[in-house]
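Peer 1: Data file final.cif (mmCIF, C-alpha atoms) is appended below.
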```cif
data_model
loop_
_atom_site.label_atom_id
_atom_site.label_comp_id
_atom_site.auth_asym_id
_atom_site.auth_seq_id
_atom_site.Cartn_x
_atom_site.Cartn_y
_atom_site.Cartn_z
CA MET O 1 16.93 -97.50 59.93
CA ILE O 2 13.92 -97.36 57.60
CA VAL O 3 13.92 -93.57 57.83
CA ARG O 4 17.63 -93.46 57.09
CA LEU O 5 17.23 -95.81 54.16
CA ALA O 6 14.48 -93.55 52.82
CA VAL O 7 16.72 -90.48 53.20
CA LEU O 8 19.53 -92.28 51.39
CA VAL O 9 17.23 -93.42 48.58
CA LEU O 10 15.95 -89.85 48.17
CA LEU O 11 19.47 -88.47 48.07
CA SER O 12 20.55 -91.17 45.60
CA VAL O 13 17.61 -90.44 43.32
CA ALA O 14 18.39 -86.72 43.43
CA VAL O 15 22.07 -87.18 42.66
CA GLY O 16 21.41 -89.94 40.13
CA GLY O 17 18.79 -87.83 38.37
CA ALA O 18 21.09 -84.83 38.27
CA SER O 19 23.90 -87.00 36.89
CA VAL O 20 21.75 -88.50 34.15
CA ALA O 21 20.32 -85.09 33.21
CA TYR O 22 23.79 -83.57 33.09
CA ARG O 23 25.18 -86.40 30.96
CA ARG O 24 22.27 -86.20 28.52
CA ARG O 25 22.65 -82.48 28.08
CA ARG O 26 26.38 -82.78 27.72
CA THR O 27 26.07 -85.57 25.14
CA ALA O 28 23.53 -83.51 23.21
CA ASP O 29 25.81 -80.47 23.32
CA GLU O 30 28.74 -82.55 22.14
CA ALA O 31 26.65 -84.03 19.33
CA ARG O 32 25.96 -80.59 17.89
CA GLY O 33 29.60 -79.65 18.31
CA ALA O 34 29.33 -77.20 21.17
CA PHE O 35 32.45 -78.62 22.79
CA ASP O 36 35.92 -79.28 21.45
CA ALA O 37 36.37 -83.07 21.36
CA THR O 38 39.95 -83.02 22.65
CA THR O 39 40.03 -80.17 25.16
CA GLY O 40 36.39 -80.14 26.28
CA ASP O 41 36.32 -76.37 25.84
CA ALA O 42 33.11 -74.79 24.65
CA LEU O 43 33.06 -73.81 21.01
CA TRP O 44 31.23 -70.69 19.97
CA PRO O 45 29.89 -69.78 16.55
CA ALA O 46 32.00 -67.43 14.46
CA LEU O 47 31.31 -63.70 14.43
CA PRO O 48 28.30 -62.79 12.29
CA ALA O 49 29.28 -61.58 8.82
CA ASP O 50 28.43 -57.94 9.48
CA LEU O 51 30.85 -57.80 12.41
CA GLN O 52 33.74 -59.48 10.62
CA GLY O 53 36.25 -57.79 8.47
CA GLU O 54 39.35 -55.69 8.12
CA LEU O 55 41.57 -58.77 8.46
CA ARG O 56 42.46 -58.15 12.06
CA PRO O 57 41.44 -59.65 15.36
CA THR O 58 38.16 -58.43 16.77
CA TRP O 59 37.09 -57.98 20.38
CA LEU O 60 33.36 -57.89 20.70
CA VAL O 61 32.33 -56.38 24.03
CA LEU O 62 28.68 -57.30 24.56
CA SER O 63 27.18 -54.69 26.87
CA THR O 64 23.86 -53.42 28.13
CA PRO O 65 22.61 -49.84 28.52
CA VAL O 66 23.36 -49.93 32.27
CA CYS O 67 26.77 -51.62 32.09
CA ALA O 68 29.23 -49.34 33.85
CA SER O 69 32.34 -51.45 33.36
CA CYS O 70 31.80 -52.18 29.65
CA ARG O 71 33.24 -48.85 28.54
CA ALA O 72 36.26 -49.42 30.78
CA VAL O 73 36.76 -52.88 29.30
CA GLN O 74 36.58 -51.48 25.79
CA ALA O 75 39.17 -48.84 26.69
CA ALA O 76 41.45 -51.37 28.39
CA VAL O 77 41.41 -53.68 25.37
CA ALA O 78 41.98 -50.84 22.92
CA ASP O 79 44.87 -49.70 25.09
CA ALA O 80 46.46 -53.17 25.35
CA PHE O 81 45.95 -54.16 21.69
CA PRO O 82 45.93 -50.98 19.62
CA HIS O 83 46.21 -52.98 16.38
CA HIS O 84 43.01 -54.95 17.12
CA ARG O 85 39.47 -53.91 16.40
CA VAL O 86 37.31 -53.37 19.48
CA LEU O 87 33.54 -53.25 19.08
CA LYS O 88 31.06 -52.54 21.84
CA VAL O 89 27.58 -53.77 21.03
CA ASP O 90 24.49 -53.36 23.18
CA VAL O 91 22.77 -56.76 23.36
CA THR O 92 19.40 -55.12 23.94
CA GLU O 93 19.75 -53.75 20.42
CA ARG O 94 21.13 -57.00 19.01
CA PRO O 95 19.41 -59.72 21.08
CA GLU O 96 20.48 -62.42 18.62
CA LEU O 97 24.08 -61.80 19.73
CA GLY O 98 23.03 -62.42 23.30
CA ASP O 99 21.63 -65.80 22.26
CA ARG O 100 24.53 -66.61 20.00
CA TYR O 101 27.11 -66.15 22.77
CA ASP O 102 24.89 -67.07 25.72
CA VAL O 103 25.28 -63.68 27.41
CA LYS O 104 24.17 -63.80 31.02
CA ARG O 105 26.35 -61.03 32.32
CA ALA O 106 27.68 -57.80 30.90
CA PRO O 107 30.31 -57.42 29.72
CA THR O 108 30.68 -60.76 27.96
CA THR O 109 33.62 -60.31 25.65
CA ILE O 110 34.20 -62.40 22.53
CA VAL O 111 37.70 -62.52 21.11
CA ALA O 112 37.89 -63.55 17.47
CA ASP O 113 40.79 -63.91 15.07
CA ALA O 114 40.98 -62.18 11.70
CA THR O 115 38.75 -64.81 10.08
CA GLY O 116 36.02 -64.33 12.68
CA THR O 117 36.71 -67.62 14.49
CA VAL O 118 36.07 -67.21 18.20
CA VAL O 119 39.17 -67.98 20.27
CA GLU O 120 37.94 -66.86 23.67
CA ARG O 121 34.77 -65.90 25.50
CA LEU O 122 35.31 -63.89 28.67
CA VAL O 123 32.58 -63.28 31.21
CA GLY O 124 32.85 -60.15 33.35
CA ALA O 125 35.29 -57.27 33.40
CA GLU O 126 37.83 -58.99 35.65
CA ALA O 127 38.15 -61.90 33.21
CA VAL O 128 39.12 -59.50 30.43
CA VAL O 129 41.64 -57.70 32.62
CA SER O 130 43.34 -60.93 33.73
CA PHE O 131 43.23 -62.30 30.16
CA ILE O 132 44.98 -59.19 28.87
CA GLY O 133 47.61 -59.70 31.55
CA LEU O 134 48.11 -63.38 30.66
CA VAL O 135 48.68 -63.27 26.93
CA ASP O 136 50.81 -61.19 24.60
CA ASP O 137 48.65 -61.97 21.62
CA PRO O 138 45.34 -63.72 22.29
CA VAL O 139 44.98 -64.90 18.73
CA ALA O 140 48.48 -66.43 18.55
CA ALA O 141 47.90 -68.10 21.94
CA ARG O 142 45.57 -70.65 20.37
CA MET Z 1 59.79 -70.61 45.49
CA ALA Z 2 59.93 -73.64 43.21
CA THR Z 3 62.05 -76.58 44.33
CA SER Z 4 62.52 -79.93 42.66
CA ALA Z 5 60.37 -81.59 45.30
CA THR Z 6 57.41 -79.29 44.71
CA PRO Z 7 57.33 -78.31 41.04
CA ARG Z 8 55.22 -75.30 40.16
CA THR Z 9 53.05 -77.38 37.89
CA PRO Z 10 52.65 -80.98 39.10
CA ALA Z 11 52.33 -83.90 36.70
CA PRO Z 12 48.76 -84.37 35.48
CA ILE Z 13 46.86 -87.41 36.72
CA ASP Z 14 44.23 -89.80 35.40
CA PRO Z 15 40.95 -88.14 36.45
CA ARG Z 16 39.36 -91.55 37.00
CA GLY Z 17 41.53 -91.96 40.13
CA PRO Z 18 39.82 -89.19 42.14
CA ARG Z 19 36.48 -90.22 40.61
CA THR Z 20 36.93 -93.72 42.03
CA ASN Z 21 37.88 -92.19 45.37
CA GLN Z 22 34.71 -90.07 45.34
CA GLY Z 23 32.53 -93.03 44.38
CA VAL Z 24 33.88 -95.26 47.15
CA LEU Z 25 33.54 -92.40 49.62
CA ALA Z 26 29.89 -91.76 48.69
CA VAL Z 27 28.96 -95.44 48.93
CA ALA Z 28 30.80 -95.94 52.25
CA LEU Z 29 29.22 -92.86 53.84
CA GLY Z 30 25.79 -93.91 52.55
CA LEU Z 31 26.12 -97.41 54.02
CA GLY Z 32 27.49 -95.98 57.26
CA PHE Z 33 24.47 -93.68 57.50
CA VAL Z 34 21.93 -96.46 56.94
CA PHE Z 35 23.56 -98.89 59.37
CA SER Z 36 24.64 -96.23 61.90
CA TRP Z 37 28.33 -97.06 61.49
CA TRP Z 38 29.53 -93.61 62.49
CA TYR Z 39 33.17 -94.74 62.57
CA VAL Z 40 33.07 -94.86 58.75
CA VAL Z 41 33.33 -91.07 58.98
CA PRO Z 42 36.68 -90.81 60.81
CA VAL Z 43 38.07 -93.72 58.75
CA PHE Z 44 37.35 -91.85 55.51
CA ALA Z 45 38.55 -88.59 57.02
CA VAL Z 46 41.93 -90.35 57.34
CA VAL Z 47 41.69 -91.87 53.84
CA LEU Z 48 41.01 -88.44 52.29
CA PHE Z 49 43.61 -86.79 54.50
CA LEU Z 50 46.38 -89.11 53.29
CA GLY Z 51 45.71 -88.25 49.66
CA ALA Z 52 45.12 -84.55 50.28
CA ALA Z 53 48.13 -84.01 52.53
CA PHE Z 54 50.75 -86.20 50.87
CA GLY Z 55 49.56 -86.49 47.26
CA PRO Z 56 47.56 -88.97 45.16
CA ARG Z 57 50.21 -91.71 45.59
CA PHE Z 58 49.37 -91.85 49.30
CA GLY Z 59 45.60 -91.90 48.97
CA PRO Z 60 44.61 -95.55 49.57
CA VAL Z 61 41.72 -95.61 47.07
CA ILE Z 62 43.55 -93.62 44.39
CA ARG Z 63 46.56 -95.91 44.88
CA PHE Z 64 44.32 -98.98 44.58
CA TYR Z 65 42.83 -97.52 41.40
CA GLY Z 66 46.29 -96.83 39.97
CA GLU Z 67 47.76 -100.24 40.73
CA VAL Z 68 44.84 -102.62 40.36
CA ILE Z 69 42.06 -101.07 38.26
CA ARG Z 70 43.85 -98.77 35.87
CA PRO Z 71 46.09 -101.43 34.25
CA ARG Z 72 42.91 -103.23 33.18
CA LEU Z 73 41.34 -100.16 31.56
CA ALA Z 74 42.05 -98.25 28.37
CA PRO Z 75 44.38 -95.29 28.87
CA PRO Z 76 42.60 -92.09 29.94
CA VAL Z 77 41.24 -89.83 27.21
CA GLU Z 78 42.49 -86.78 29.06
CA LEU Z 79 44.53 -85.97 32.12
CA GLU Z 80 43.82 -83.39 34.79
CA ASP Z 81 45.71 -81.24 37.23
CA PRO Z 82 45.90 -83.05 40.59
CA ARG Z 83 45.53 -79.89 42.67
CA PRO Z 84 41.79 -79.15 42.31
CA PRO Z 85 40.67 -82.66 43.44
CA ARG Z 86 43.31 -82.57 46.15
CA PHE Z 87 41.89 -79.31 47.45
CA ALA Z 88 38.38 -80.78 47.23
CA ALA Z 89 39.56 -83.74 49.32
CA ALA Z 90 40.96 -81.33 51.90
CA VAL Z 91 37.53 -79.67 52.13
CA GLY Z 92 36.10 -83.17 52.62
CA VAL Z 93 38.59 -83.81 55.43
CA VAL Z 94 37.45 -80.65 57.21
CA PHE Z 95 33.79 -81.68 56.95
CA LEU Z 96 34.40 -85.27 58.02
CA THR Z 97 36.58 -84.16 60.94
CA ALA Z 98 33.86 -81.77 62.06
CA ALA Z 99 31.35 -84.64 61.73
CA THR Z 100 33.57 -86.89 63.85
CA VAL Z 101 33.78 -84.24 66.56
CA ALA Z 102 30.00 -83.94 66.42
CA PHE Z 103 29.59 -87.70 66.88
CA LEU Z 104 32.01 -87.73 69.81
CA ALA Z 105 30.08 -84.86 71.38
CA GLY Z 106 26.83 -86.78 70.93
CA ALA Z 107 25.43 -84.53 68.19
CA THR Z 108 24.52 -87.41 65.88
CA VAL Z 109 22.18 -85.45 63.62
CA LEU Z 110 24.78 -82.76 63.01
CA GLY Z 111 27.40 -85.44 62.39
CA TRP Z 112 25.35 -87.22 59.75
CA THR Z 113 24.28 -83.93 58.16
CA LEU Z 114 27.91 -82.95 57.62
CA ALA Z 115 28.82 -86.46 56.45
CA LEU Z 116 25.92 -86.59 53.98
CA ILE Z 117 26.87 -83.22 52.51
CA VAL Z 118 30.24 -84.78 51.71
CA ALA Z 119 28.54 -87.95 50.40
CA VAL Z 120 26.22 -86.02 48.05
CA LEU Z 121 29.02 -83.84 46.68
CA ALA Z 122 31.25 -86.90 46.25
CA ALA Z 123 28.49 -88.81 44.46
CA LEU Z 124 27.86 -85.83 42.19
CA ALA Z 125 31.56 -85.58 41.38
CA ALA Z 126 31.85 -89.32 40.74
CA GLY Z 127 28.72 -89.40 38.58
CA THR Z 128 29.08 -86.22 36.53
CA GLY Z 129 32.53 -84.80 37.07
CA ILE Z 130 30.99 -81.67 38.61
CA CYS Z 131 33.37 -81.25 41.53
CA VAL Z 132 32.31 -78.38 43.76
CA GLY Z 133 35.53 -78.34 45.81
CA CYS Z 134 37.59 -78.30 42.59
CA GLU Z 135 35.63 -75.28 41.36
CA ILE Z 136 36.40 -73.44 44.59
CA TYR Z 137 40.08 -74.21 44.04
CA LEU Z 138 39.90 -72.98 40.44
CA VAL Z 139 38.30 -69.68 41.45
CA VAL Z 140 40.98 -69.08 44.08
CA ALA Z 141 43.76 -70.24 41.73
CA ARG Z 142 42.61 -67.91 38.97
CA ARG Z 143 42.56 -64.98 41.37
CA ARG Z 144 46.08 -65.78 42.49
CA GLY Z 145 47.26 -66.43 38.94
CA VAL Z 146 48.23 -70.08 39.51
CA GLU Z 147 49.06 -71.86 36.27
CA LEU Z 148 47.21 -75.13 35.85
CA ALA Z 149 48.78 -78.24 34.37
CA VAL Z 150 45.94 -78.95 31.95
#
```
Would you encode the structure as structure tokens?
Peer 2:
Amino acid sequence: MIVRLAVLVLLSVAVGGASVAYRRRRTADEARGAFDATTGDALWPALPADLQGELRPTWLVLSTPVCASCRAVQAAVADAFPHHRVLKVDVTERPELGDRYDVKRAPTTIVADATGTVVERLVGAEAVVSFIGLVDDPVAAR
Amino acid sequence: MATSATPRTPAPIDPRGPRTNQGVLAVALGLGFVFSWWYVVPVFAVVLFLGAAFGPRFGPVIRFYGEVIRPRLAPPVELEDPRPPRFAAAVGVVFLTAATVAFLAGATVLGWTLALIVAVLAALAAGTGICVGCEIYLVVARRRGVELAV
């Protein structure tokens, strides 16, 4: 029974510690406005000034030199939304964009409205394909 | 194939209901482990099964939360789709059933290992809202194009 109690205490400390750490991080994120207060969705900073413009929605496909599917994603978006602007940017050339949108996988695709406000962040090629299938107009969907 | 009995998008629920369920489950399994009450495992397999198979209204703990605790609390800040936690409970049922079989077969260590996996995941879900079973449901649902209520 002592051994079992010890196992339980260890497990409780592990889970309790993880819970407290998670809550702290989450509270800190919320405090700096990284999450929408009502929906809990992550909020991302607007497109940098040099990538904004032309008064139309922008798709920013963040790629790497070895990303095979990024070109396909860019083509699929351009095909589905011919009136939108589609930019493919290599994050190794613009590392600050990788930080700004927390890119861990290529392609990470940022969808922004005409004012540069980010409405969607899609990780992976499949996410973009299913997102294109889900919405008629991603900017009007929000 | 949508019928009136099983709407495509079920009514959202107070997320604190499943959280209570997970908390009680974690505590009960933990106590059972320390005091070698292995029958806690099949009892909670049944408790989870009722909610998972027939809906939150039939889950004893969720029902208790809804009728006794919830009226005393402020209304929930947000609601959630009942299907992810229901799927998670079904995963719990599978684990706890397997644990019960292990106990009956005399494999006590295996039984408690399976039960404690459920206890840790339930405690994590109750404490943080990170619900591993729900995430599995969401991945599958997204692949199949299921529309979520919230």
Peer 1: Determine the nearest neighbour of chain O from the options Z:Trp112, Z:Phe103, Z:Phe44, Z:Tyr65, counting only C-alpha atoms.
Peer 2: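 Selected residue with least distance to chain O: Z:Trp112.
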Peer 1: Using only C-alpha atoms, find the one residue out of O:Ala114, O:Trp44, O:Ser69, O:Arg24 that sits nearest to chain Z.
Peer 2: O:Arg24
Peer 1: Record the distance separating CA of Val73 in chain O and CA of Arg105 in chain O, expressed in Å with one decimal.
Peer 2: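 Straight-line distance from CA of Val73 in chain O to CA of Arg105 in chain O works out to 13.6 Å.
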Peer 1: I'd like the contact shell of Val103 in chain O - 10 Å cut-off, all atoms listed in the file, skipping same-chain residues fewer than 3 positions apart - returned as a CSV table (one decimal) with C-alpha atoms, in the coordinates of the input.
Peer 2:
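The file below, out-v2.csv, is the result:
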```
chain,number,residue,atom,x,y,z
O,62,LEU,CA,28.7,-57.3,24.6
O,63,SER,CA,27.2,-54.7,26.9
O,91,VAL,CA,22.8,-56.8,23.4
O,95,PRO,CA,19.4,-59.7,21.1
O,97,LEU,CA,24.1,-61.8,19.7
O,98,GLY,CA,23.0,-62.4,23.3
O,99,ASP,CA,21.6,-65.8,22.3
O,100,ARG,CA,24.5,-66.6,20.0
O,106,ALA,CA,27.7,-57.8,30.9
O,107,PRO,CA,30.3,-57.4,29.7
O,108,THR,CA,30.7,-60.8,28.0
O,109,THR,CA,33.6,-60.3,25.6
O,121,ARG,CA,34.8,-65.9,25.5
O,123,VAL,CA,32.6,-63.3,31.2
```
Peer 1: Taking all atoms listed in the file into account, which of Z:Gly23, Z:Pro75, Z:Pro82, Z:Gly127 comes nearest chain O?
Peer 2: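 Answer, going by the shortest atom-to-atom distance: Z:Gly127.
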Peer 1: Given only C-alpha atoms, how would the per-residue table for chain Z near chain O read, listing every residue at most 8 Å away with its closest atom pair and distance in Å to one decimal, sorted by chain and number, as a tab-separated table?
Peer 2:
```
residue	atom	partner	partner_atom	distance
Z:Gly30	CA	O:Leu8	CA	6.6
Z:Phe33	CA	O:Arg4	CA	6.9
Z:Val34	CA	O:Arg4	CA	5.2
Z:Phe35	CA	O:Met1	CA	6.8
Z:Glu78	CA	O:Thr38	CA	7.9
Z:Val120	CA	O:Val15	CA	6.9
Z:Ala123	CA	O:Val15	CA	6.9
Z:Leu124	CA	O:Val15	CA	6.0
Z:Gly127	CA	O:Ser19	CA	5.6
Z:Thr128	CA	O:Ser19	CA	5.3
```
Peer 1: Looking at all atoms listed in the file, which of O:Leu87, O:Ala68, O:Leu60, O:Ala28 is the one that sits closest to Ala112 in chain O?
Peer 2: O:Leu60
Peer 1: One number please: CA of Thr97 in chain Z to CA of Val40 in chain Z, in Å, one decimal.
Peer 2: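 Distance between the two atoms: 11.5 Å.
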Peer 1: Looking at all atoms listed in the file, which of O:Thr92, O:Gln74, O:Thr115, O:Thr27 is the one that sits closest to Leu55 in chain O?
Peer 2: O:Thr115
Peer 1: In Å to one decimal, how far is CA of Gly51 in chain Z from CA of Pro76 in chain Z?
Peer 2: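 A separation of 20.3 Å between them.
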Peer 1: Skip Thr58 in chain O itself and residues of its chain fewer than 5 positions away, then list as an MDAnalysis selection string all residues within 10 Å of it, counting all atoms listed in the file.
Peer 2: chainID O and resid 47 51:53 83:87 110:118 139
Peer 1: For range 123-139 of chain Z, take all atoms listed in the file, fit an axis-aligned box around them, add 8 Å to each of the six sides, then output centre and edge lengths in Å rounded to one decimal, as AutoDock Vina command-line options.
Peer 2:
```
--center_x 34.0 --center_y -79.5 --center_z 41.2 --size_x 28.2 --size_y 35.7 --size_z 25.3
```
Peer 1: Could you tell me which residues the PyMOL selection byres ((chain Z and resi 53) around 12) grabs in this file, written as an MDAnalysis selection string?
Peer 2: chainID Z and resid 45:52 54:59 83 85:91 93
Peer 1: Output C-alpha atoms of each residue in that selection to a file, as an mmCIF file, in the coordinates of the input.
Peer 2:
```cif
data_model
loop_
_atom_site.group_PDB
_atom_site.id
_atom_site.type_symbol
_atom_site.label_atom_id
_atom_site.label_comp_id
_atom_site.auth_asym_id
_atom_site.auth_seq_id
_atom_site.Cartn_x
_atom_site.Cartn_y
_atom_site.Cartn_z
ATOM 1 C CA ALA Z 45 38.550 -88.590 57.020
ATOM 2 C CA VAL Z 46 41.930 -90.350 57.340
ATOM 3 C CA VAL Z 47 41.690 -91.870 53.840
ATOM 4 C CA LEU Z 48 41.010 -88.440 52.290
ATOM 5 C CA PHE Z 49 43.610 -86.790 54.500
ATOM 6 C CA LEU Z 50 46.380 -89.110 53.290
ATOM 7 C CA GLY Z 51 45.710 -88.250 49.660
ATOM 8 C CA ALA Z 52 45.120 -84.550 50.280
ATOM 9 C CA PHE Z 54 50.750 -86.200 50.870
ATOM 10 C CA GLY Z 55 49.560 -86.490 47.260
ATOM 11 C CA PRO Z 56 47.560 -88.970 45.160
ATOM 12 C CA ARG Z 57 50.210 -91.710 45.590
ATOM 13 C CA PHE Z 58 49.370 -91.850 49.300
ATOM 14 C CA GLY Z 59 45.600 -91.900 48.970
ATOM 15 C CA ARG Z 83 45.530 -79.890 42.670
ATOM 16 C CA PRO Z 85 40.670 -82.660 43.440
ATOM 17 C CA ARG Z 86 43.310 -82.570 46.150
ATOM 18 C CA PHE Z 87 41.890 -79.310 47.450
ATOM 19 C CA ALA Z 88 38.380 -80.780 47.230
ATOM 20 C CA ALA Z 89 39.560 -83.740 49.320
ATOM 21 C CA ALA Z 90 40.960 -81.330 51.900
ATOM 22 C CA VAL Z 91 37.530 -79.670 52.130
ATOM 23 C CA VAL Z 93 38.590 -83.810 55.430
#
```
Peer 1: Tell me which of Z:Val61, Z:Leu79, Z:Val132, Z:Val68 sits closest to Ile117 in chain Z, counting all atoms listed in the file.
Peer 2: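 Closest residue, counting all atoms listed in the file: Z:Val132.
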